[in-house]
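Here the structure comes first, spelled out in C-alpha cells, and everything after it is commentary.
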Amino acid sequence: MIPFAALVRKDLKLFFNDRKAVVVGLLAPIILASFFGYLFGGQGGNAETSKVPVLVIDQDGSDISRGLIAQLSGDKNLDVKPSTLDAAREAVRKGKATAAIVIPKDFGRDAGRALFTGAGKPELGLLYDPSHNVELGMVKGILSGAVMQAVSKEMFTGRGGREMVDESLARVENDTQLAADDRKALRDLLGGVRELNERQDERREREGAPGQAELSRGLTMPYETREEAITSGQNVEYNGYAHSFGGMGVQFILFMGLDVGIGLLMLRQMGLWQRLRAAPLSRTMLLGSRTVSASLIAGFILLVLFGFARVVFGVRILGSFAGFVGVCAAFSLMTAAFGLMIAAIGGTVEATRGYSIMATLIMVMLGGAWVPTFVFPAWLRKLTVIVPTRWAMDGLDGMTWRGLGFSSALAPIGVLLLFTLLFGVVAVMQFRWGTD
Amino acid sequence: MLEVNSLTKNYGKLVAVTGVSFRADRGETIGLLGPNGAGKTTTVSIIAGLLSPDSGEVLIEGKQVQSDTDPVKLKIGLVPQDMALYDHLTARDNLTFFAALYSLAGAKAKQPIDDALNLVGLWDRAGDKVGTFSGGMKRRLNLAAALLHDPQILLLDEPTVGVDPQSRNAIFENLETLKKRGKTLIYTTHYMEEAERLCDRIVIIDHGKVIANDTLQGLHTLLPVTNVLAIDLDHADGFKPESMLALTEVKSVVLEEGTLRVGVHDLSRGAPVVLRWLADNGHSYHHVSSEQPNLETVFLTLTGRSLRDSK
C-alpha cells in the first residue's frame with residue numbers, strides 16, 4: 001500500500017502545489033456558473049429578464065392600429081418603439097431590434113371585415129432577426145392576442161363597427177336573392193347590434209368614459225393561467241444557480257480529467273514514466289492510483305463549487321444527499337477513466353490536447369451544461385442519452401433543485417459507472433505500457 | 001550479475017537492436033558506446049523491464065524479470081536519459097516519492113534519502129523545489145533518485161547530457177564512489193572520453209548490433225595503428241584525405257575541423273613520409289603532434305565512420 005498511497009499523495013500534492021492553477025481552476029467555474037445562473041433564473045427564479053425590443057411601423061393610422069400598438073406596448077415582455085420601414089429594417093439587420101411589425105394601410109378596415117366574413121384578410125408584416133427564433137415565437141403569440149383584442153373591440157363597440165353594421169344592413173336589404181326569412185333574421189341580428197351600440201353611446205354620455213371600459217374591451221383570452229413551478233416541494237423556489245453550478249462543475253471536472261490524460265502523456269516525455277515502470281509496480285496500481293487521485297480532485301472541485309453555491313446563492317441539496325454524493329462520485333470516476341482513455345489513445349501531447357478539448361466541449365454541450373437540453377431538436381435530445389454528461393446533469397439536477405429521492409439517482413449513477421467501465425477497458429486495452 | 005543474451009527488438013520494419021549480448025560482473029562498469037539511434041537506450045530499456053524483447057533474454061543473478069512486480073526489479077536502479085523529476089516538488093519530496101515506489105517510507109526512507117542527497121551534494125538544497133535547480137543539479141538528483149533502494153545494478157542512460165563540465169565531473173566522482181562500493185554500472189554514452197574514463201569494458205553498438213566488446217586495452221589491439229599523427233592544415237578546403245591511403249605507411253585518415261588525423265604503425269618512419277607527401281602536394285600546415293589512438297579511432301576503424309559524424 002505504500003507505493004499506492006505515495007502515488008495518490010504525489011498527484012494531490014502536485015495539484016495543490018500549483019496554487020495559482022487551483023485558484024483559477026476554481027474561480028473560473030464559479031464565475032461562469034454565477035453568470036449562467038443569473039441568466040437562467042437566478043435565486044428564486046426572479047431574475048429580471050430583458051424585454052424584447054420590437055419596432056412598430058403604423059402605415060394605417062386607424063383606431064385599430066393605434067389600439068394594437070397600445071396593446072403591444074402594455075405587454076411586460078416587449079419594449080415597443082415606433083419606427084419607419086427603412087429604419088426598422090436597418091435596426092433588425094444590425095441586431096438592435098429583434099422584430100419589426102408593419103401595420104399596412106387599411107389594416108383596421110380590412111381586419112374588421114375579415115373578422116366577420118373571413119375574406120380579404122390583410123397582412124401584417126413581420127421583419128425579424130433569424131438569430132432570435134425563440135423570441136420570435138413569443139412576439140408572434142403576443143401579437144395575435146393583441147390583434148384579436150384590438151380588432152374585436154373596434155368591431156363590437158367602435159365607430160368602425162357601427163359603420164360595418166350599417167353597411168351590412170344595407171347589403172341585406174338590397175340582396176334580392178336572400179330569402180325573406182333569412183333577411184328578417186339578419187335584419188333582427190344587425191338591428192340588435194346597432195341598438196346595443198346606441199344604448200352604449202347613451203350610457204357613455206350619461207355616465208362618462210369609465211362606464212365604457214367594461215363594455216368595450218373587445219375579445220380577450222377566455223382563460224387565465226395559474227403558474228406553479230414544480231420544485232422539490234411547496235414554497236420551495238427554483239434556484240437557477242443549482243443547475244449552472246452543476247453544469248460548470250461537470251465542465252471543469254471534465255477538463256481536469258483531460259489534464260489527467262495529458263499529464264500521463266507528458267510523463268512519457270519527461271522520462272518519469274520510465275522511472276515508474278522500472279519500479280516493481282503493477283499496471284493496476286499505476287492506473288488505479290491515477291483514477292483515485294483524479295476522483296479525489298474532482299470530488300474536491302465539486303465540494304468547493306457547491307459549497308460556494310450554498311453559501312452565496314443558497315443552493316441546497318433538496319433531494320437525497322446520498323444520491324448527490326453517489327452521482328458526484330460516479331461522475332468523478334467516469335472523468336478519471338475518461339482521462340486515462342485519452343492518455344491511452346492519444347498520440348502527441350499537442351494533438352491529443354486539441355481533439356480531446358473538442359470532445360470535452362461537445363460532451364459538455366450535449367450534456368446540457370451550457371444550455372438546457374430542451375432547446376435542442378428532438379433527434380438531438382434523444383441522442384444525448386449516449387453522452388455521460390447528460391446523466392451527470394440529470395443526476396445533479398435531480399438531487400439538488402428537483403429534490404428527488406435516492407432511487408432517482410440510481411439510473412445516473414449506474415450509467416456513469418458503465419461509462420467508467422467502458423472508458424477504463426478502452427484505456428487498459430489501448431495503453432502503451434512500454435516506453436516510446 | 002547481469003547477462004544480456006541475443007536481444008532483438010524491432011519497431012515494425014525498423015531494427016532497433018539485433019543479437020545484442022554482453023555480461024557485467026559485480027563492481028564492473030560497462031560502457032555502451034555508440035552514436036545516437038544505435039540502440040543503446042533500447043538495450044537499457046529492455047534490461048530495466050520497460051520493453052519486452054522480440055527475442056533474447058536478460059538475466060539478473062540468473063533470473064529473468066517475470067512480471068511488473070517481480071522482486072528482481074529491486075536489484076536495478078534506472079537513471080533515465082530525460083530528467084525524471086517533478087519540478088513542482090522539493091528535492092526531498094521527489095526522493096520521498098521515489099523511495100515509496102520501492103515501499104520505503106518513514107524512518108526506512110529517511111536514511112537512504114539523506115545518503116543519496118549527501119552523495120550527490122544536494123543536502124543543502126533538499127528543501128528547494130526542483131524547478132529552481134540548474135541542469136547539472138537536476139542531473140545529480142536524477143542519479144540520486146535511482147539509488148534509494150540500494151540497487152546492485154545501476155543503468156545510466158546518458159546521465160551527463162547537457163550538463164556543464166563541473167557538474168559532469170561531480171557526476172563522474174559520484175559514479176566512481178558507487179563503483180568503489182561494488183555497484184555494477186551500465187553506462188550509455190556517445191562521449192568516448194566518458195567511456196574511457198569510467199568503464200572497465202566497452203560495448204560498441206552501431207545500427208543495433210554489437211561491433212566490439214572488450215576492455216579499452218583490448219579494443220586498442222583491434223586497431224591497425226598504434227599512433228596517430230595530428231596535423232593542423234592551413235587550408236583544409238578541398239583536401240581529400242582518402243588520397244593519402246595510397247601511402248603504405250598510412251593505415252587510416254580522417255579530416256575534422258581542419259585537423260588531419262593520420263594513423264601510422266611506426267611514427268618514426270610514417271611521420272616523414274606523411275609530411276613529405278603534404279609538402280609535395282602543396283598542402284601547408286602550422287602544427288603537428290602525435291596522439292595515442294582512442295575510442296574514436298576504434299569506432300572509425302570498425303565502422304568506417306567518425307563517432308561524431310554518426311550522431
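The chains in the C-alpha cells are called A, B, ... from first to last as shown; in each chain the residues are counted from 1, and the ligands are counted from 1 in the order shown.
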
**OP:** For chain B, list the residues within 9 Å of chain A, counting only C-alpha atoms, and write the list as an MDAnalysis selection string.
**Re:** chainID B and resid 45 48:52 67:74 76:86 88:89 93:94 96:105 146

Subject >> Within 12 Å of Asp175 in chain A using only C-alpha atoms, minus same-chain residues under 6 positions, as a PyMOL selection string >> reply: chain A and resi 168-169+182-183+186-187

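Closest approach to His243 in chain A among A:Met393, A:Leu72, A:Ala28, A:Ala411: A:Met393, based on only C-alpha atoms.
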
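Close contacts of Glu135 in chain A, defined as residues with an atom at most 12 Å away when counting only C-alpha atoms, with chain neighbours fewer than 6 positions off set aside, comprise Ser50, Lys51, Val52, Pro53, Val54, Asn77, Leu78, Ala97, Thr98, Ala99, Tyr128, Asp129, Gly141 and Ile142 of chain A.
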
Original post:
Neighbours of range 151-156 of chain B within 10 Å (only C-alpha atoms; same-chain residues fewer than 6 positions away dropped), as number ranges by chain?
Top reply: B: 1-2, 24-32, 41, 44-45, 47-48, 60, 73-81, 143, 175, 178-179, 181-189

Take the residues from that selection and write them out as a short mmCIF file (atom, residue, chain, number, x, y, z; two decimals), in the first residue's frame, keeping N, CA and C atoms.
data_model
loop_
_atom_site.label_atom_id
_atom_site.label_comp_id
_atom_site.auth_asym_id
_atom_site.auth_seq_id
_atom_site.Cartn_x
_atom_site.Cartn_y
_atom_site.Cartn_z
N MET B 1 26.44 -11.38 -12.60
CA MET B 1 25.50 -10.38 -12.09
C MET B 1 24.41 -10.05 -13.12
N LEU B 2 24.87 -9.63 -14.30
CA LEU B 2 23.93 -9.29 -15.39
C LEU B 2 24.39 -9.97 -16.67
N ALA B 24 27.93 -8.36 -17.34
CA ALA B 24 28.58 -7.43 -16.41
C ALA B 24 28.67 -8.11 -15.06
N ASP B 25 29.86 -8.07 -14.48
CA ASP B 25 30.04 -8.69 -13.16
C ASP B 25 29.90 -7.65 -12.07
N ARG B 26 29.81 -8.16 -10.84
CA ARG B 26 29.66 -7.26 -9.69
C ARG B 26 30.84 -6.26 -9.64
N GLY B 27 30.53 -4.99 -9.47
CA GLY B 27 31.55 -3.96 -9.35
C GLY B 27 32.14 -3.52 -10.68
N GLU B 28 31.64 -4.08 -11.76
CA GLU B 28 32.18 -3.75 -13.07
C GLU B 28 31.38 -2.61 -13.71
N THR B 29 32.07 -1.78 -14.47
CA THR B 29 31.37 -0.72 -15.20
C THR B 29 31.48 -1.01 -16.69
N ILE B 30 30.31 -1.15 -17.30
CA ILE B 30 30.25 -1.45 -18.74
C ILE B 30 29.79 -0.19 -19.47
N GLY B 31 30.51 0.21 -20.46
CA GLY B 31 30.09 1.35 -21.27
C GLY B 31 29.44 0.88 -22.55
N LEU B 32 28.21 1.36 -22.79
CA LEU B 32 27.57 1.09 -24.08
C LEU B 32 27.82 2.32 -24.93
N THR B 41 19.68 2.99 -25.85
CA THR B 41 18.55 3.20 -24.94
C THR B 41 17.57 2.02 -25.00
N VAL B 44 19.03 -0.65 -22.81
CA VAL B 44 18.85 -0.32 -21.39
C VAL B 44 17.38 -0.50 -20.99
N SER B 45 16.46 -0.09 -21.87
CA SER B 45 15.03 -0.22 -21.56
C SER B 45 14.63 -1.68 -21.40
N ILE B 47 16.66 -4.10 -20.43
CA ILE B 47 17.27 -4.58 -19.18
C ILE B 47 16.42 -4.12 -17.99
N ALA B 48 15.91 -2.88 -18.07
CA ALA B 48 15.13 -2.33 -16.95
C ALA B 48 13.71 -2.88 -16.89
N ILE B 60 19.33 -11.46 -14.41
CA ILE B 60 19.92 -10.71 -13.29
C ILE B 60 20.13 -11.72 -12.17
N LYS B 73 13.34 -6.79 -9.96
CA LYS B 73 13.47 -5.39 -10.38
C LYS B 73 14.11 -4.52 -9.27
N LEU B 74 14.03 -5.02 -8.04
CA LEU B 74 14.62 -4.26 -6.92
C LEU B 74 16.13 -4.17 -7.05
N LYS B 75 16.70 -5.07 -7.84
CA LYS B 75 18.16 -5.07 -7.99
C LYS B 75 18.64 -4.03 -9.00
N ILE B 76 17.67 -3.40 -9.68
CA ILE B 76 18.03 -2.45 -10.74
C ILE B 76 17.63 -1.03 -10.34
N GLY B 77 18.53 -0.11 -10.60
CA GLY B 77 18.20 1.30 -10.46
C GLY B 77 18.38 1.96 -11.82
N LEU B 78 17.38 2.72 -12.24
CA LEU B 78 17.42 3.32 -13.57
C LEU B 78 17.59 4.83 -13.48
N VAL B 79 18.57 5.34 -14.21
CA VAL B 79 18.71 6.80 -14.36
C VAL B 79 18.37 7.11 -15.82
N PRO B 80 17.12 7.55 -16.05
CA PRO B 80 16.71 7.78 -17.44
C PRO B 80 17.47 8.94 -18.08
N GLN B 81 17.47 8.92 -19.40
CA GLN B 81 18.15 9.98 -20.14
C GLN B 81 17.45 11.33 -19.90
N LEU B 143 20.21 11.13 -10.60
CA LEU B 143 21.03 9.98 -10.20
C LEU B 143 20.64 9.53 -8.80
N LEU B 175 29.83 8.50 -9.52
CA LEU B 175 29.82 7.16 -10.10
C LEU B 175 31.05 6.36 -9.66
N LEU B 178 30.35 5.05 -6.31
CA LEU B 178 29.44 3.90 -6.37
C LEU B 178 30.18 2.65 -6.84
N LYS B 179 31.07 2.88 -7.77
CA LYS B 179 31.85 1.76 -8.30
C LYS B 179 32.70 1.15 -7.18
N ARG B 181 31.94 1.11 -4.17
CA ARG B 181 31.05 0.39 -3.26
C ARG B 181 30.60 -0.96 -3.84
N GLY B 182 31.10 -1.27 -5.03
CA GLY B 182 30.80 -2.57 -5.61
C GLY B 182 29.58 -2.62 -6.49
N LYS B 183 29.04 -1.46 -6.87
CA LYS B 183 27.87 -1.44 -7.75
C LYS B 183 28.29 -1.77 -9.18
N THR B 184 27.38 -2.41 -9.88
CA THR B 184 27.59 -2.68 -11.30
C THR B 184 26.95 -1.55 -12.09
N LEU B 185 27.74 -0.91 -12.92
CA LEU B 185 27.21 0.23 -13.67
C LEU B 185 27.14 -0.10 -15.16
N ILE B 186 26.00 0.18 -15.74
CA ILE B 186 25.86 0.08 -17.20
C ILE B 186 25.65 1.51 -17.68
N TYR B 187 26.60 2.00 -18.44
CA TYR B 187 26.67 3.42 -18.73
C TYR B 187 26.60 3.64 -20.24
N THR B 188 25.52 4.25 -20.71
CA THR B 188 25.44 4.51 -22.15
C THR B 188 25.91 5.93 -22.43
N THR B 189 26.62 6.09 -23.51
CA THR B 189 27.12 7.42 -23.86
C THR B 189 27.55 7.44 -25.32
#

**OP:** Apply DSSP to the structure's backbone, then extract all residues of range 159-222 of chain B labelled strand (DSSP E) and return them as a ChimeraX atom specification.
**Re:** /B:184-189,201-206,209-215

Could you take the residues named above and write them with N, CA and C atoms, as a PDB file, in the first residue's frame?
ATOM      1  N   THR B 184      27.382  -2.408  -9.883  1.00  0.00           N
ATOM      2  CA  THR B 184      27.594  -2.680 -11.305  1.00  0.00           C
ATOM      3  C   THR B 184      26.946  -1.547 -12.090  1.00  0.00           C
ATOM      4  N   LEU B 185      27.740  -0.909 -12.923  1.00  0.00           N
ATOM      5  CA  LEU B 185      27.211   0.232 -13.671  1.00  0.00           C
ATOM      6  C   LEU B 185      27.143  -0.099 -15.161  1.00  0.00           C
ATOM      7  N   ILE B 186      25.997   0.183 -15.742  1.00  0.00           N
ATOM      8  CA  ILE B 186      25.857   0.081 -17.198  1.00  0.00           C
ATOM      9  C   ILE B 186      25.648   1.506 -17.685  1.00  0.00           C
ATOM     10  N   TYR B 187      26.602   1.996 -18.442  1.00  0.00           N
ATOM     11  CA  TYR B 187      26.670   3.424 -18.734  1.00  0.00           C
ATOM     12  C   TYR B 187      26.596   3.641 -20.245  1.00  0.00           C
ATOM     13  N   THR B 188      25.522   4.253 -20.709  1.00  0.00           N
ATOM     14  CA  THR B 188      25.444   4.507 -22.152  1.00  0.00           C
ATOM     15  C   THR B 188      25.913   5.926 -22.430  1.00  0.00           C
ATOM     16  N   THR B 189      26.615   6.092 -23.506  1.00  0.00           N
ATOM     17  CA  THR B 189      27.123   7.420 -23.864  1.00  0.00           C
ATOM     18  C   THR B 189      27.549   7.440 -25.321  1.00  0.00           C
ATOM     19  N   ARG B 201      34.883  -2.163 -19.228  1.00  0.00           N
ATOM     20  CA  ARG B 201      34.687  -2.797 -20.533  1.00  0.00           C
ATOM     21  C   ARG B 201      33.799  -1.880 -21.370  1.00  0.00           C
ATOM     22  N   ILE B 202      34.011  -1.952 -22.666  1.00  0.00           N
ATOM     23  CA  ILE B 202      33.222  -1.093 -23.553  1.00  0.00           C
ATOM     24  C   ILE B 202      32.567  -1.953 -24.626  1.00  0.00           C
ATOM     25  N   VAL B 203      31.258  -1.769 -24.727  1.00  0.00           N
ATOM     26  CA  VAL B 203      30.496  -2.468 -25.762  1.00  0.00           C
ATOM     27  C   VAL B 203      30.120  -1.414 -26.797  1.00  0.00           C
ATOM     28  N   ILE B 204      30.678  -1.576 -28.000  1.00  0.00           N
ATOM     29  CA  ILE B 204      30.366  -0.590 -29.048  1.00  0.00           C
ATOM     30  C   ILE B 204      29.183  -1.107 -29.861  1.00  0.00           C
ATOM     31  N   ILE B 205      28.161  -0.265 -29.933  1.00  0.00           N
ATOM     32  CA  ILE B 205      26.941  -0.638 -30.662  1.00  0.00           C
ATOM     33  C   ILE B 205      26.764   0.311 -31.831  1.00  0.00           C
ATOM     34  N   ASP B 206      26.445  -0.258 -32.965  1.00  0.00           N
ATOM     35  CA  ASP B 206      26.146   0.569 -34.135  1.00  0.00           C
ATOM     36  C   ASP B 206      25.051  -0.118 -34.937  1.00  0.00           C
ATOM     37  N   LYS B 209      23.665  -3.340 -33.539  1.00  0.00           N
ATOM     38  CA  LYS B 209      24.499  -4.544 -33.380  1.00  0.00           C
ATOM     39  C   LYS B 209      25.719  -4.223 -32.526  1.00  0.00           C
ATOM     40  N   VAL B 210      26.157  -5.231 -31.781  1.00  0.00           N
ATOM     41  CA  VAL B 210      27.416  -5.086 -31.037  1.00  0.00           C
ATOM     42  C   VAL B 210      28.554  -5.334 -32.018  1.00  0.00           C
ATOM     43  N   ILE B 211      29.396  -4.300 -32.179  1.00  0.00           N
ATOM     44  CA  ILE B 211      30.503  -4.487 -33.130  1.00  0.00           C
ATOM     45  C   ILE B 211      31.833  -4.683 -32.409  1.00  0.00           C
ATOM     46  N   ALA B 212      31.834  -4.423 -31.100  1.00  0.00           N
ATOM     47  CA  ALA B 212      33.040  -4.717 -30.314  1.00  0.00           C
ATOM     48  C   ALA B 212      32.648  -4.791 -28.851  1.00  0.00           C
ATOM     49  N   ASN B 213      33.339  -5.632 -28.099  1.00  0.00           N
ATOM     50  CA  ASN B 213      33.039  -5.795 -26.672  1.00  0.00           C
ATOM     51  C   ASN B 213      34.330  -6.209 -25.988  1.00  0.00           C
ATOM     52  N   ASP B 214      34.991  -5.244 -25.388  1.00  0.00           N
ATOM     53  CA  ASP B 214      36.296  -5.575 -24.809  1.00  0.00           C
ATOM     54  C   ASP B 214      36.709  -4.491 -23.816  1.00  0.00           C
ATOM     55  N   THR B 215      37.846  -4.712 -23.175  1.00  0.00           N
ATOM     56  CA  THR B 215      38.413  -3.651 -22.340  1.00  0.00           C
ATOM     57  C   THR B 215      38.999  -2.592 -23.272  1.00  0.00           C
TER      58      THR B 215
END

**OP:** Tell me which protein, DNA and RNA residues are within 10 Å of Val163 in chain B, counting only C-alpha atoms, leaving out same-chain ones fewer than 4 positions away, and put them as a PyMOL selection string.
**Re:** chain B and resi 134-140+159+167-169+171

Take the selection from the previous step and output its residues with C-alpha atoms, as a short mmCIF file (atom, residue, chain, number, x, y, z; two decimals), in the first residue's frame.
data_model
loop_
_atom_site.label_atom_id
_atom_site.label_comp_id
_atom_site.auth_asym_id
_atom_site.auth_seq_id
_atom_site.Cartn_x
_atom_site.Cartn_y
_atom_site.Cartn_z
CA SER B 134 20.31 24.16 -12.59
CA GLY B 135 20.57 21.45 -15.24
CA GLY B 136 23.59 19.94 -13.50
CA MET B 137 21.83 19.80 -10.13
CA LYS B 138 18.82 18.13 -11.71
CA ARG B 139 21.10 15.55 -13.31
CA ARG B 140 22.63 14.80 -9.91
CA PRO B 159 23.41 10.78 -17.49
CA SER B 167 28.57 19.03 -12.93
CA ARG B 168 29.86 16.33 -15.26
CA ASN B 169 32.92 15.95 -13.09
CA ILE B 171 28.63 13.05 -11.56
#

As a PDB file with N, CA and C atoms, in the first residue's frame, please: the residues near range 273-290 of chain B (cut-off 6 Å, only C-alpha atoms, same-chain neighbours under 4 positions excluded).
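That gives us out-v6.pdb:
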ATOM      1  N   VAL B 228      48.788   8.110 -33.830  1.00  0.00           N
ATOM      2  CA  VAL B 228      48.033   8.997 -34.714  1.00  0.00           C
ATOM      3  C   VAL B 228      48.805  10.301 -34.829  1.00  0.00           C
ATOM      4  N   LEU B 229      48.990  10.703 -36.055  1.00  0.00           N
ATOM      5  CA  LEU B 229      49.667  11.964 -36.327  1.00  0.00           C
ATOM      6  C   LEU B 229      48.575  13.015 -36.547  1.00  0.00           C
ATOM      7  N   ALA B 230      48.557  14.069 -35.685  1.00  0.00           N
ATOM      8  CA  ALA B 230      47.543  15.117 -35.817  1.00  0.00           C
ATOM      9  C   ALA B 230      48.175  16.339 -36.453  1.00  0.00           C
ATOM     10  N   ILE B 231      47.658  16.725 -37.616  1.00  0.00           N
ATOM     11  CA  ILE B 231      48.261  17.827 -38.382  1.00  0.00           C
ATOM     12  C   ILE B 231      47.190  18.893 -38.623  1.00  0.00           C
ATOM     13  N   ASP B 232      47.464  20.104 -38.147  1.00  0.00           N
ATOM     14  CA  ASP B 232      46.525  21.207 -38.380  1.00  0.00           C
ATOM     15  C   ASP B 232      46.875  21.881 -39.707  1.00  0.00           C
ATOM     16  N   LEU B 233      46.015  21.696 -40.691  1.00  0.00           N
ATOM     17  CA  LEU B 233      46.280  22.232 -42.030  1.00  0.00           C
ATOM     18  C   LEU B 233      45.985  23.729 -42.089  1.00  0.00           C
ATOM     19  N   ASP B 234      46.749  24.431 -42.933  1.00  0.00           N
ATOM     20  CA  ASP B 234      46.460  25.855 -43.140  1.00  0.00           C
ATOM     21  C   ASP B 234      45.172  26.019 -43.945  1.00  0.00           C
TER      22      ASP B 234
END

Original post:
Which residues in range 95-250 of chain B does DSSP call alpha helix (DSSP H)? List them as a ChimeraX atom specification.
Top reply: /B:95-100,107-119,135-144,165-180,192-198,216-220

**OP:** For Gly108 in chain A, work out the shell of residues within 12 Å, counting only C-alpha atoms and skipping chain neighbours fewer than 6 positions away, then give it as JSON, numbers by chain.
**Re:** {"A": [58, 59, 60, 61, 62, 63, 64, 65, 66, 67, 68, 114, 115, 121, 122, 123, 124, 147, 148, 150, 151, 152, 153, 154, 155, 158, 159, 160, 161, 164]}

Subject >> Computed interatomic separation between CA of Arg125 in chain B and CA of Leu95 in chain B (Å) >> reply: 12.5 Å
